[in-house]
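The structure file start38.txt is reproduced below (compact mmCIF, C-alpha atoms).
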```txt
# COMPACT_ATOMS: atom_id res chain seq x y z
CA MET A 764 94.78 130.28 79.23
CA SER A 765 95.90 131.51 82.63
CA VAL A 766 93.77 128.87 84.35
CA ASP A 767 95.43 126.14 82.28
CA VAL A 768 98.88 127.13 83.51
CA ILE A 769 97.69 126.86 87.11
CA LEU A 770 96.05 123.53 86.28
CA VAL A 771 99.32 122.17 84.90
CA ILE A 772 101.11 123.31 88.07
CA VAL A 773 98.39 121.74 90.24
CA VAL A 774 98.54 118.38 88.40
CA ALA A 775 102.35 118.32 88.51
CA THR A 776 102.40 119.22 92.22
CA ALA A 777 99.72 116.62 93.02
CA LEU A 778 101.63 113.90 91.16
CA ALA A 779 104.86 114.91 92.90
CA PHE A 780 103.00 114.64 96.20
CA ASP A 781 101.77 111.17 95.14
CA PHE A 782 105.33 110.16 94.24
CA THR A 783 106.67 111.17 97.66
CA ASN A 784 103.73 109.36 99.25
CA GLY A 785 104.81 106.13 97.56
CA PHE A 786 108.47 106.87 98.28
CA HIS A 787 107.99 107.19 102.02
CA ASP A 788 105.27 104.59 102.47
CA THR A 789 107.40 101.89 100.84
CA ALA A 790 109.01 101.38 104.22
CA ASN A 791 105.68 100.95 105.96
CA VAL A 792 104.45 98.43 103.40
CA VAL A 793 107.55 96.25 103.10
CA ALA A 794 109.32 96.65 106.45
CA THR A 795 107.41 93.89 108.20
CA SER A 796 108.31 91.34 105.52
CA ILE A 797 111.93 92.47 105.52
CA SER A 798 112.30 92.50 109.30
CA THR A 799 111.13 88.87 109.57
CA ARG A 800 113.32 87.96 106.57
CA ALA A 801 110.28 86.62 104.73
CA ILE A 802 111.49 88.28 101.54
CA GLY A 803 114.52 90.26 100.38
CA PRO A 804 114.29 94.07 100.16
CA ARG A 805 114.66 94.32 96.37
CA ARG A 806 112.02 91.71 95.64
CA ALA A 807 109.71 93.16 98.32
CA ILE A 808 109.92 96.63 96.79
CA ALA A 809 109.41 95.35 93.24
CA ILE A 810 106.29 93.41 94.27
CA ALA A 811 104.99 96.33 96.34
CA SER A 812 105.38 98.83 93.51
CA VAL A 813 103.60 96.57 91.00
CA LEU A 814 100.74 95.91 93.45
CA ASN A 815 100.55 99.62 94.35
CA PHE A 816 99.98 100.28 90.65
CA VAL A 817 97.35 97.55 90.31
CA GLY A 818 95.64 98.61 93.54
CA ALA A 819 95.06 102.11 92.22
CA PHE A 820 92.68 100.69 89.59
CA ILE A 821 90.47 98.67 91.92
CA SER A 822 88.17 101.36 93.28
CA LEU A 823 87.38 105.07 92.93
CA LYS A 824 85.23 105.59 96.00
CA VAL A 825 87.96 107.27 98.03
CA ALA A 826 88.67 109.63 95.10
CA ASP A 827 84.96 110.56 95.06
CA THR A 828 85.06 111.27 98.79
CA VAL A 829 88.18 113.46 98.50
CA GLY A 830 86.70 115.28 95.50
CA GLN A 831 83.20 115.83 96.84
CA GLY A 832 83.01 114.89 100.50
CA PHE A 833 84.83 117.69 102.29
CA VAL A 834 84.29 120.92 100.36
CA ASP A 835 81.66 122.50 98.14
CA THR A 836 82.94 121.70 94.63
CA HIS A 837 81.39 124.92 93.30
CA ALA A 838 83.52 126.96 95.69
CA VAL A 839 86.79 125.39 94.56
CA THR A 840 89.14 127.05 92.09
CA SER A 841 92.47 125.80 90.74
CA THR A 842 94.20 128.27 93.04
CA VAL A 843 92.33 126.82 96.03
CA VAL A 844 93.51 123.30 95.15
CA TYR A 845 97.04 124.57 94.59
CA ALA A 846 97.13 126.38 97.94
CA GLY A 847 95.73 123.26 99.62
CA LEU A 848 98.53 121.14 98.15
CA LEU A 849 101.09 123.75 99.15
CA GLY A 850 99.75 123.76 102.70
CA ALA A 851 99.94 119.96 102.87
CA ILE A 852 103.49 119.82 101.51
CA THR A 853 104.67 122.61 103.79
CA TRP A 854 103.10 120.97 106.85
CA ASN A 855 104.70 117.64 105.93
CA LEU A 856 108.10 119.33 105.64
CA MET A 857 107.66 121.09 108.97
CA THR A 858 106.62 117.90 110.79
CA TRP A 859 109.44 115.98 109.13
CA TYR A 860 111.92 118.57 110.34
CA VAL A 861 110.77 118.29 113.97
CA GLY A 862 110.27 114.51 113.72
CA LEU A 863 106.49 114.42 114.18
CA PRO A 864 104.80 111.43 112.45
CA SER A 865 102.16 113.33 110.51
CA SER A 866 99.81 111.82 107.95
CA SER A 867 99.96 112.95 104.31
CA SER A 868 96.31 112.08 103.84
CA HIS A 869 95.17 114.22 106.72
CA ALA A 870 97.52 117.02 105.64
CA LEU A 871 96.12 116.86 102.10
CA ILE A 872 92.51 117.09 103.20
CA GLY A 873 93.30 119.64 105.91
CA GLY A 874 95.10 121.75 103.33
CA LEU A 875 92.17 121.60 100.93
CA VAL A 876 89.68 122.55 103.65
CA GLY A 877 91.83 125.40 104.98
CA SER A 878 92.38 126.77 101.51
CA VAL A 879 88.69 126.73 100.57
CA ILE A 880 87.75 128.37 103.88
CA ALA A 881 90.30 131.13 103.25
CA ALA A 882 88.87 131.63 99.77
CA LYS A 883 85.12 131.32 100.30
CA GLY A 884 84.46 131.22 104.04
CA TRP A 885 83.41 128.51 106.48
CA SER A 886 80.26 127.60 104.58
CA ALA A 887 82.38 126.16 101.73
CA ALA A 888 83.67 123.37 104.00
CA SER A 889 81.50 120.40 104.92
CA GLY A 890 81.74 119.91 108.68
CA SER A 891 79.62 116.76 108.61
CA GLY A 892 81.66 115.35 105.73
CA ILE A 893 84.91 115.97 107.61
CA LEU A 894 83.53 114.36 110.77
CA ASP A 895 81.83 111.39 109.08
CA LYS A 896 84.37 110.55 106.40
CA LEU A 897 87.67 111.65 107.89
CA ILE A 898 87.74 112.09 111.67
CA VAL A 899 85.63 109.08 112.74
CA PRO A 900 87.38 106.61 110.37
CA ALA A 901 90.78 108.08 111.34
CA VAL A 902 90.09 107.29 114.99
CA VAL A 903 88.43 103.91 114.42
CA ALA A 904 90.68 102.33 111.75
CA PRO A 905 93.99 102.08 113.68
CA LEU A 906 92.10 100.80 116.74
CA VAL A 907 90.37 98.13 114.65
CA ALA A 908 93.70 97.08 113.12
CA PHE A 909 95.13 96.88 116.64
CA ALA A 910 92.21 94.81 117.95
CA ALA A 911 92.12 92.47 114.93
CA ALA A 912 95.87 91.81 115.10
CA TRP A 913 95.86 91.43 118.89
CA LEU A 914 93.02 88.90 118.82
CA SER A 915 94.50 87.00 115.87
CA VAL A 916 97.95 86.66 117.42
CA ILE A 917 96.41 85.19 120.58
CA PHE A 918 94.53 82.58 118.48
CA VAL A 919 97.53 81.84 116.25
CA TYR A 920 99.89 81.21 119.18
CA ARG A 921 97.36 78.82 120.73
CA ILE A 922 97.05 76.91 117.46
CA VAL A 923 100.75 76.58 116.66
CA ARG A 924 102.16 76.01 120.17
CA SER A 925 102.17 72.20 119.83
CA VAL A 926 104.37 72.02 116.73
CA ARG A 927 108.03 72.80 116.16
CA PRO A 928 108.66 76.54 115.78
CA GLY A 929 110.98 76.23 112.77
CA GLY A 930 108.27 74.79 110.52
CA VAL A 931 105.71 77.34 111.68
CA SER A 932 108.11 80.17 111.02
CA ARG A 933 108.83 78.93 107.48
CA GLY A 934 105.10 78.65 106.83
CA PHE A 935 104.34 82.16 108.00
CA LYS A 936 107.27 83.59 106.04
CA LEU A 937 105.70 82.15 102.90
CA GLY A 938 102.33 83.54 104.01
CA GLN A 939 103.91 86.95 104.44
CA VAL A 940 104.70 87.10 100.73
CA VAL A 941 100.94 87.04 100.12
CA SER A 942 99.88 89.17 103.10
CA GLY A 943 102.55 91.75 102.23
CA GLY A 944 101.27 91.78 98.66
CA MET A 945 97.72 92.35 99.89
CA LEU A 946 98.95 95.22 102.04
CA ALA A 947 100.67 96.83 99.04
CA LEU A 948 97.51 96.36 96.98
CA ALA A 949 95.39 97.94 99.71
CA HIS A 950 97.86 100.81 100.07
CA GLY A 951 97.67 101.55 96.34
CA THR A 952 93.87 101.39 96.48
CA ASN A 953 93.52 103.98 99.23
CA ASP A 954 96.47 106.32 98.81
CA ALA A 955 96.60 106.79 95.05
CA GLN A 956 92.92 107.74 95.05
CA LYS A 957 93.51 110.80 97.23
CA THR A 958 95.62 112.36 94.49
CA MET A 959 93.06 111.29 91.88
CA GLY A 960 90.31 113.05 93.82
CA LEU A 961 92.33 116.23 94.15
CA ILE A 962 93.32 116.37 90.47
CA THR A 963 89.71 115.70 89.45
CA LEU A 964 88.60 118.52 91.74
CA ALA A 965 91.09 120.82 90.01
CA LEU A 966 89.72 119.72 86.62
CA VAL A 967 86.19 120.54 87.77
CA ALA A 968 87.37 123.90 89.14
CA SER A 969 89.00 124.80 85.83
CA GLY A 970 85.88 123.84 83.88
CA LYS A 971 87.41 120.80 82.19
CA LEU A 972 84.89 118.52 83.91
CA SER A 973 81.31 119.01 85.03
CA ALA A 974 80.73 119.28 88.77
CA SER A 975 77.34 117.59 88.41
CA HIS A 976 78.91 114.51 86.81
CA PHE A 977 81.95 114.13 89.03
CA HIS A 978 84.06 111.26 87.74
CA VAL A 979 87.76 110.50 87.67
CA PRO A 980 89.13 110.45 84.09
CA ILE A 981 91.17 107.37 83.19
CA TRP A 982 94.32 109.40 82.48
CA VAL A 983 94.17 110.69 86.05
CA VAL A 984 93.91 107.12 87.35
CA ILE A 985 96.89 106.01 85.25
CA ALA A 986 98.98 109.08 86.16
CA ALA A 987 98.30 108.73 89.90
CA ALA A 988 98.90 104.96 89.83
CA THR A 989 102.17 105.47 87.97
CA ALA A 990 103.36 108.22 90.32
CA ILE A 991 102.73 106.24 93.52
CA SER A 992 104.16 103.09 91.96
CA LEU A 993 107.34 104.84 90.81
CA GLY A 994 107.64 106.45 94.23
CA THR A 995 107.35 103.04 95.85
CA PHE A 996 109.89 101.54 93.46
CA SER A 997 112.47 104.24 94.06
CA GLY A 998 111.45 104.29 97.71
CA GLY A 999 113.91 105.50 100.28
CA TRP A 1000 116.43 102.73 100.69
CA ARG A 1001 117.79 104.42 103.78
CA ILE A 1002 114.39 104.44 105.44
CA ILE A 1003 113.67 100.84 104.46
CA LYS A 1004 117.01 99.73 105.81
CA THR A 1005 116.30 101.52 109.07
CA MET A 1006 112.80 100.11 109.41
CA GLY A 1007 113.89 96.64 108.38
CA THR A 1008 116.41 96.44 111.17
CA LYS A 1009 115.13 98.69 113.94
CA ILE A 1010 111.40 98.11 113.88
CA ILE A 1011 109.81 96.25 116.81
CA SER A 1012 111.31 92.79 116.88
CA MET A 1013 108.62 90.44 115.62
CA ASP A 1014 108.36 86.87 114.41
CA ALA A 1015 106.89 85.74 111.10
CA ALA A 1016 103.47 84.91 112.61
CA GLN A 1017 103.17 88.42 114.05
CA GLY A 1018 104.30 89.93 110.74
CA PHE A 1019 101.69 87.90 108.84
CA VAL A 1020 98.92 88.94 111.24
CA ALA A 1021 99.96 92.62 111.25
CA GLN A 1022 99.97 92.75 107.45
CA THR A 1023 96.66 90.89 107.20
CA ALA A 1024 95.03 93.27 109.69
CA GLY A 1025 96.39 96.32 107.86
CA ALA A 1026 95.23 95.04 104.47
CA ALA A 1027 91.78 94.06 105.77
CA VAL A 1028 91.13 97.42 107.41
CA ILE A 1029 92.40 99.48 104.48
CA LEU A 1030 90.41 97.46 101.92
CA ALA A 1031 87.22 97.59 104.03
CA ALA A 1032 87.63 101.34 104.51
CA SER A 1033 88.32 101.84 100.79
CA SER A 1034 85.09 100.05 99.94
CA ALA A 1035 83.27 102.57 102.14
CA GLY A 1036 85.17 105.45 100.51
CA TYR A 1037 87.16 106.48 103.59
CA PRO A 1038 90.55 108.10 102.95
CA LEU A 1039 92.71 106.69 105.75
CA SER A 1040 96.18 107.28 107.01
CA THR A 1041 97.56 103.93 105.87
CA THR A 1042 100.62 104.42 108.05
CA HIS A 1043 98.48 104.78 111.15
CA VAL A 1044 96.55 101.62 110.25
CA ILE A 1045 99.71 99.59 109.61
CA THR A 1046 101.21 100.86 112.84
CA GLY A 1047 98.01 99.85 114.65
CA GLY A 1048 98.33 96.34 113.20
CA ILE A 1049 101.99 96.04 114.21
CA ALA A 1050 101.25 97.30 117.73
CA GLY A 1051 98.33 94.85 118.06
CA ALA A 1052 100.49 91.93 116.91
CA GLY A 1053 103.11 92.96 119.47
CA ALA A 1054 100.57 93.36 122.28
CA GLY A 1055 99.07 89.93 121.53
CA LYS A 1056 102.39 88.35 122.41
CA ARG A 1057 103.54 90.68 125.19
CA LEU A 1058 101.98 94.02 126.10
CA SER A 1059 105.32 95.55 127.02
CA ALA A 1060 106.66 94.80 123.52
CA VAL A 1061 104.73 97.76 122.16
CA ARG A 1062 106.38 101.14 121.91
CA TRP A 1063 103.58 103.16 123.47
CA GLY A 1064 105.61 106.33 122.98
CA VAL A 1065 105.14 105.93 119.21
CA ALA A 1066 101.38 105.62 119.73
CA ARG A 1067 101.41 108.84 121.75
CA GLU A 1068 103.35 110.62 119.00
CA ILE A 1069 100.85 109.43 116.41
CA VAL A 1070 97.92 110.71 118.46
CA THR A 1071 99.65 114.07 118.89
CA ALA A 1072 100.37 114.29 115.18
CA TRP A 1073 96.83 113.21 114.35
CA VAL A 1074 95.29 115.94 116.50
CA LEU A 1075 97.61 118.62 115.12
CA THR A 1076 97.74 117.73 111.42
CA LEU A 1077 94.24 118.61 110.26
CA PRO A 1078 93.96 122.11 111.81
CA CYS A 1079 97.62 122.98 111.25
CA ALA A 1080 97.66 121.91 107.59
CA ALA A 1081 94.43 123.87 107.15
CA ALA A 1082 96.00 126.96 108.74
CA VAL A 1083 99.17 126.67 106.62
CA ALA A 1084 97.04 126.25 103.47
CA ALA A 1085 94.94 129.28 104.40
CA VAL A 1086 98.13 131.33 104.71
CA ALA A 1087 99.36 129.87 101.40
CA TYR A 1088 96.10 130.88 99.72
CA SER A 1089 96.41 134.42 101.10
CA VAL A 1090 99.98 134.66 99.82
CA VAL A 1091 98.99 133.34 96.36
CA HIS A 1092 96.12 135.79 96.35
CA LEU A 1093 98.52 138.70 96.98
CA PHE A 1094 99.77 138.18 93.42
CA GLY A 1095 96.25 138.46 92.01
CA SER A 1096 94.10 135.78 90.42
CA GLY A 1097 96.49 135.00 87.54
CA ASP A 1098 99.38 132.59 87.12
CA LEU A 1099 102.01 134.69 88.89
CA GLY A 1100 101.21 133.61 92.46
CA PRO A 1101 101.37 129.84 91.86
CA ILE A 1102 104.50 130.24 89.70
CA VAL A 1103 106.35 132.31 92.31
CA LEU A 1104 105.35 130.01 95.16
CA SER A 1105 106.26 126.91 93.14
CA VAL A 1106 109.75 128.32 92.60
CA VAL A 1107 110.02 129.07 96.34
CA LEU A 1108 108.81 125.52 97.10
CA VAL A 1109 111.36 123.93 94.78
CA ILE A 1110 114.14 126.00 96.39
CA ALA A 1111 112.93 125.01 99.87
CA LEU A 1112 112.73 121.33 98.92
CA THR A 1113 116.23 121.44 97.45
CA ALA A 1114 117.56 123.09 100.62
CA VAL A 1115 115.87 120.47 102.80
CA PHE A 1116 117.22 117.67 100.59
CA PHE A 1117 120.80 118.89 100.89
CA LYS A 1118 120.43 119.54 104.60
CA ALA A 1119 119.12 115.99 105.06
CA ARG A 1120 122.02 114.60 103.04
CA GLY A 1121 124.34 116.57 105.29
CA GLY A 1122 123.54 114.09 108.05
CA ARG A 1123 121.26 116.04 110.34
CA ALA A 1124 119.59 114.05 113.07
CA HIS A 1125 116.16 115.35 112.16
CA GLY A 1126 115.82 112.94 109.30
CA PRO A 1127 113.38 110.12 108.93
CA THR A 1128 113.30 107.46 111.59
CA PRO A 1129 110.85 104.58 111.79
CA HIS A 1130 107.33 105.99 112.11
CA LYS A 1131 108.67 109.50 111.58
CA GLU A 1132 108.54 109.87 107.87
CA PRO A 1133 108.14 113.22 106.18
CA SER A 1134 105.13 112.05 104.30
CA GLN A 1135 103.22 109.33 106.02
CA ALA A 1136 99.87 108.62 104.51
CA MET B 1286 70.90 114.33 118.23
CA MET B 1287 73.15 111.91 116.38
CA LEU B 1288 76.77 113.05 116.33
CA ILE B 1289 77.45 111.22 113.06
CA ALA B 1290 75.11 110.24 110.23
CA SER B 1291 73.43 106.84 110.55
CA SER B 1292 74.86 105.79 107.17
CA THR B 1293 78.33 106.55 108.50
CA ALA B 1294 77.63 104.56 111.65
CA SER B 1295 76.50 101.54 109.65
CA ASP B 1296 79.50 101.84 107.30
CA ILE B 1297 81.87 102.06 110.28
CA VAL B 1298 80.26 99.03 111.91
CA ARG B 1299 80.66 97.12 108.64
CA VAL B 1300 84.34 98.12 108.38
CA VAL B 1301 84.92 97.04 111.99
CA TRP B 1302 83.31 93.61 111.84
CA SER B 1303 84.49 92.72 108.33
CA SER B 1304 88.10 93.70 109.15
CA ILE B 1305 88.19 91.74 112.40
CA LEU B 1306 86.43 88.73 110.86
CA ALA B 1307 88.77 88.69 107.84
CA THR B 1308 91.94 89.07 109.93
CA VAL B 1309 91.01 86.52 112.57
CA GLY B 1310 89.53 84.10 110.01
CA VAL B 1311 92.51 84.18 107.65
CA SER B 1312 95.04 84.03 110.51
CA VAL B 1313 93.32 81.07 112.17
CA LEU B 1314 92.89 79.18 108.89
CA PHE B 1315 96.47 79.85 107.82
CA SER B 1316 97.95 78.76 111.14
CA GLY B 1317 95.70 75.68 111.07
CA ALA B 1318 97.02 74.89 107.59
CA ALA B 1319 100.62 75.35 108.73
CA VAL B 1320 100.09 73.05 111.69
CA GLY B 1321 98.29 70.53 109.46
CA LEU B 1322 101.14 70.40 106.96
CA ILE B 1323 103.79 70.04 109.69
CA ARG B 1324 101.82 67.25 111.37
CA ALA B 1325 101.25 65.56 108.01
CA GLY B 1326 105.02 65.51 107.46
CA GLU B 1327 105.54 63.91 110.86
CA LEU B 1328 102.85 61.29 110.20
CA ARG B 1329 104.36 60.48 106.82
CA ARG B 1330 107.71 59.82 108.47
CA THR B 1331 106.03 57.39 110.91
CA ASN B 1332 104.26 55.54 108.08
CA HIS B 1333 100.75 56.89 108.74
CA GLY B 1334 100.18 57.67 105.07
CA SER B 1335 96.39 57.91 105.00
CA ALA B 1336 96.20 60.22 108.03
CA ALA B 1337 98.94 62.36 106.49
CA THR B 1338 97.01 62.60 103.22
CA ALA B 1339 93.83 63.61 105.05
CA LEU B 1340 95.66 66.30 107.01
CA THR B 1341 97.36 67.60 103.86
CA ALA B 1342 94.00 67.79 102.09
CA ALA B 1343 92.47 69.70 105.02
CA ALA B 1344 95.44 72.10 105.05
CA VAL B 1345 95.14 72.72 101.31
CA VAL B 1346 91.40 73.43 101.69
CA ALA B 1347 92.18 75.92 104.50
CA LEU B 1348 94.78 77.65 102.31
CA LEU B 1349 92.35 77.80 99.39
CA ILE B 1350 89.75 79.42 101.64
CA CYS B 1351 92.36 82.04 102.65
CA VAL B 1352 93.10 82.81 98.99
CA ALA B 1353 89.38 82.89 98.15
CA ALA B 1354 88.74 85.31 101.02
CA ALA B 1355 91.47 87.65 99.75
CA VAL B 1356 90.16 87.53 96.17
CA TYR B 1357 86.57 88.03 97.37
CA GLY B 1358 87.64 91.06 99.42
CA VAL B 1359 89.31 92.70 96.43
CA ILE B 1360 86.28 91.97 94.23
CA LEU B 1361 83.96 93.52 96.84
CA VAL B 1362 86.08 96.68 96.99
CA GLY B 1363 85.99 96.93 93.20
CA GLN B 1364 82.23 96.39 93.02
CA LYS B 1365 81.49 99.13 95.51
CA SER B 1366 82.95 101.87 93.35
```

Final structure tokens representation of the file:
Amino acid sequence: MSVDVILVIVVATALAFDFTNGFHDTANVVATSISTRAIGPRRAIAIASVLNFVGAFISLKVADTVGQGFVDTHAVTSTVVYAGLLGAITWNLMTWYVGLPSSSSHALIGGLVGSVIAAKGWSAASGSGILDKLIVPAVVAPLVAFAAAWLSVIFVYRIVRSVRPGGVSRGFKLGQVVSGGMLALAHGTNDAQKTMGLITLALVASGKLSASHFHVPIWVVIAAATAISLGTFSGGWRIIKTMGTKIISMDAAQGFVAQTAGAAVILAASSAGYPLSTTHVITGGIAGAGAGKRLSAVRWGVAREIVTAWVLTLPCAAAVAAVAYSVVHLFGSGDLGPIVLSVVLVIALTAVFFKARGGRAHGPTPHKEPSQA
Amino acid sequence: MMLIASSTASDIVRVVWSSILATVGVSVLFSGAAVGLIRAGELRRTNHGSAATALTAAAVVALLICVAAAVYGVILVGQKS
């Protein structure tokens, strides 16, 4: 009975995490279309949320990787998953407060790894799994998106230079409706699965599913898809407005190429089961599209911030989760620890919400979202 | 000693080439289609109807290939799971 209470808390926390993931990533998915005026904000968000939902049903390979690729499933308990989530959320809040563009995906996996190490020791984490399925793809994917977009923009400008710009722009704006849709679909495919993997891991840990037949139940797929889709739909209007007007100035051709590169990389990585930071990939695509036109158009400072955040997120989220596990463990192995910490978390989130509404400067800016996946 | 598993290396290589090929291919085809349709409009205005029709047909084929590539990509992702 006590395990079930923790499981309910874990599922609710994971879905809340998924919701905030959709909420904050809305801007990343739709900003390019909005900034080139290819589509209005309301319509862009509605399409993105529907395609986020659909995308979550396409594949389950990333969920399998999150559930089985980084930690020994036999070493995981519901408390471990809970502490991992807590570590990820806390790290996201901390980075949001100081304006560091951290990745929710890396925080989530870092939190899980840190928590399981605190509970069962280093042998419970899979070093090769973390290197092969997280670190290498995390380095490669944004660079590939950059290269693909950079190369494409060079080709596109050569092809369209002989015709009148107005017609080309109209054509690419129409194309952006489709490329933006593909990006939303790809985002739903990769990001929603991370939550699915984590919830499934918690179900295995609580004995509701067999570890030897790891599979994601359909209700988990529907719940995760719904959470990310609702998050996208209600997605931070303030952030979207900011990104839609202050993002790197780009034309419709660059927007089309950036979205196509982002969608292609995320879909290819999803087919291989790699949980990516979709924000980093999209940013790589946008930077590549900018560099293809003019190298100085790229905000290299943003790239530096992303690299810094990337290096810090995994170990720091792991450390925070390890501390969270130790704190939960202080209350014993029952329900009390997760309940107390959940109350503390809700109070902290409420305080942060009101502080943010109070107009502090530490709030989200483009590429500095509290929960960038 | 290999730093990463060979299966990972081959997966990464596949992600790299398929992403670049898809992005460059779709972008080139789409811009070709846009140029084709604009030129077809110009030809139509100067009474070169047959050339305009041929260009329009080529542009439509290019657009259809773009759509097919997107659909194929999604199907491949679904099949892999």

Would you write out, as a tab-separated table, a table of all residues in chain B that have an atom no more than 7 Å from an atom of chain A, listing for each the closest atom pair and the distance in Å to one decimal, considering all atoms listed in the file and ordering rows by chain and rising residue number?
```
residue	atom	partner	partner_atom	distance
B:Ile1289	CA	A:Asp895	CA	5.9
B:Ala1290	CA	A:Asp895	CA	6.9
B:Thr1293	CA	A:Asp895	CA	6.0
B:Asp1296	CA	A:Ala1035	CA	6.4
B:Val1300	CA	A:Ala1031	CA	5.2
B:Val1301	CA	A:Val907	CA	6.2
B:Ser1304	CA	A:Ala1027	CA	5.0
B:Ile1305	CA	A:Ala911	CA	4.7
B:Ala1307	CA	A:Ala1027	CA	6.5
B:Thr1308	CA	A:Ala1024	CA	5.2
B:Val1309	CA	A:Ser915	CA	4.8
B:Ser1312	CA	A:Ser915	CA	6.2
B:Val1313	CA	A:Val919	CA	5.9
B:Ser1316	CA	A:Val919	CA	6.0
B:Gly1317	CA	A:Ile922	CA	6.6
B:Ala1319	CA	A:Gly934	CA	5.9
B:Val1320	CA	A:Val923	CA	6.1
B:Ile1323	CA	A:Gly930	CA	6.6
B:Val1362	CA	A:Ser1034	CA	4.6
B:Gly1363	CA	A:Ser822	CA	4.9
B:Lys1365	CA	A:Ser1034	CA	5.8
B:Ser1366	CA	A:Lys824	CA	5.1
```

(request) Find, counting all atoms listed in the file, the residue in A:Gly1047, A:Gly850, A:Gly1064, A:Gly994 that gets nearest to Ile808 (chain A). (result)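 Of A:Gly1047, A:Gly850, A:Gly1064, A:Gly994, the one nearest Ile808 (chain A), counting all atoms listed in the file, is A:Gly994.
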
(request) Tell me which protein, DNA and RNA residues are within 8 Å of Leu1348 (chain B), counting all atoms listed in the file, leaving out same-chain ones fewer than 5 positions away, and put them as a list in words. (result)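 The residues satisfying every condition are Leu1314, Phe1315 and Ala1318 of chain B.
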
Print the selection's residues with C-alpha atoms to a file, as a PDB file, keeping the file's coordinate frame.
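Okay, this is what ended up in again_21.pdb:
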```pdb
ATOM      1  CA  LEU B1314      92.890  79.180 108.890  1.00  0.00           C
ATOM      2  CA  PHE B1315      96.470  79.850 107.820  1.00  0.00           C
ATOM      3  CA  ALA B1318      97.020  74.890 107.590  1.00  0.00           C
TER       4      ALA B1318
END
```

(request) To one decimal in Å, tell me the separation between CA of Ile893 (chain A) and CA of Phe833 (chain A). (result)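 These two atoms are separated by 5.6 Å.
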
(message) Just the number, please: distance in Å from CA of Ala1080 (chain A) to CA of Trp854 (chain A), one decimal.
(response) 5.6 Å

(message) What does the structure give for the distance between CA of Ala1354 (chain B) and CA of Gly1310 (chain B), in Å to one decimal?
(response) 9.1 Å

Each region 843-930 of chain A residue no farther than 9 Å from region 775-780 of chain A, nearest pair in Å, all atoms listed in the file, as CSV:
```
residue,atom,partner,partner_atom,distance
A:Tyr845,CA,A:Thr776,CA,7.9
A:Leu848,CA,A:Ala777,CA,6.9
A:Leu849,CA,A:Thr776,CA,8.4
A:Ile852,CA,A:Phe780,CA,7.4
A:Ser867,CA,A:Phe780,CA,8.8
```

(message) So that I can check the surroundings of Thr989 (chain A), please list as a list of chain:residue names every protein, DNA and RNA residue that reaches within 10 Å of it, counting only C-alpha atoms and ignoring chain neighbours fewer than 3 positions away.
(response)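 My reading of the contact set: A:Leu778, A:Asp781, A:Phe782, A:Gly785, A:Ser812, A:Val813, A:Asn815, A:Phe816, A:Val817, A:Ala819, A:Ala955, A:Val983, A:Val984, A:Ile985, A:Ala986, A:Ser992, A:Leu993, A:Gly994, A:Thr995.
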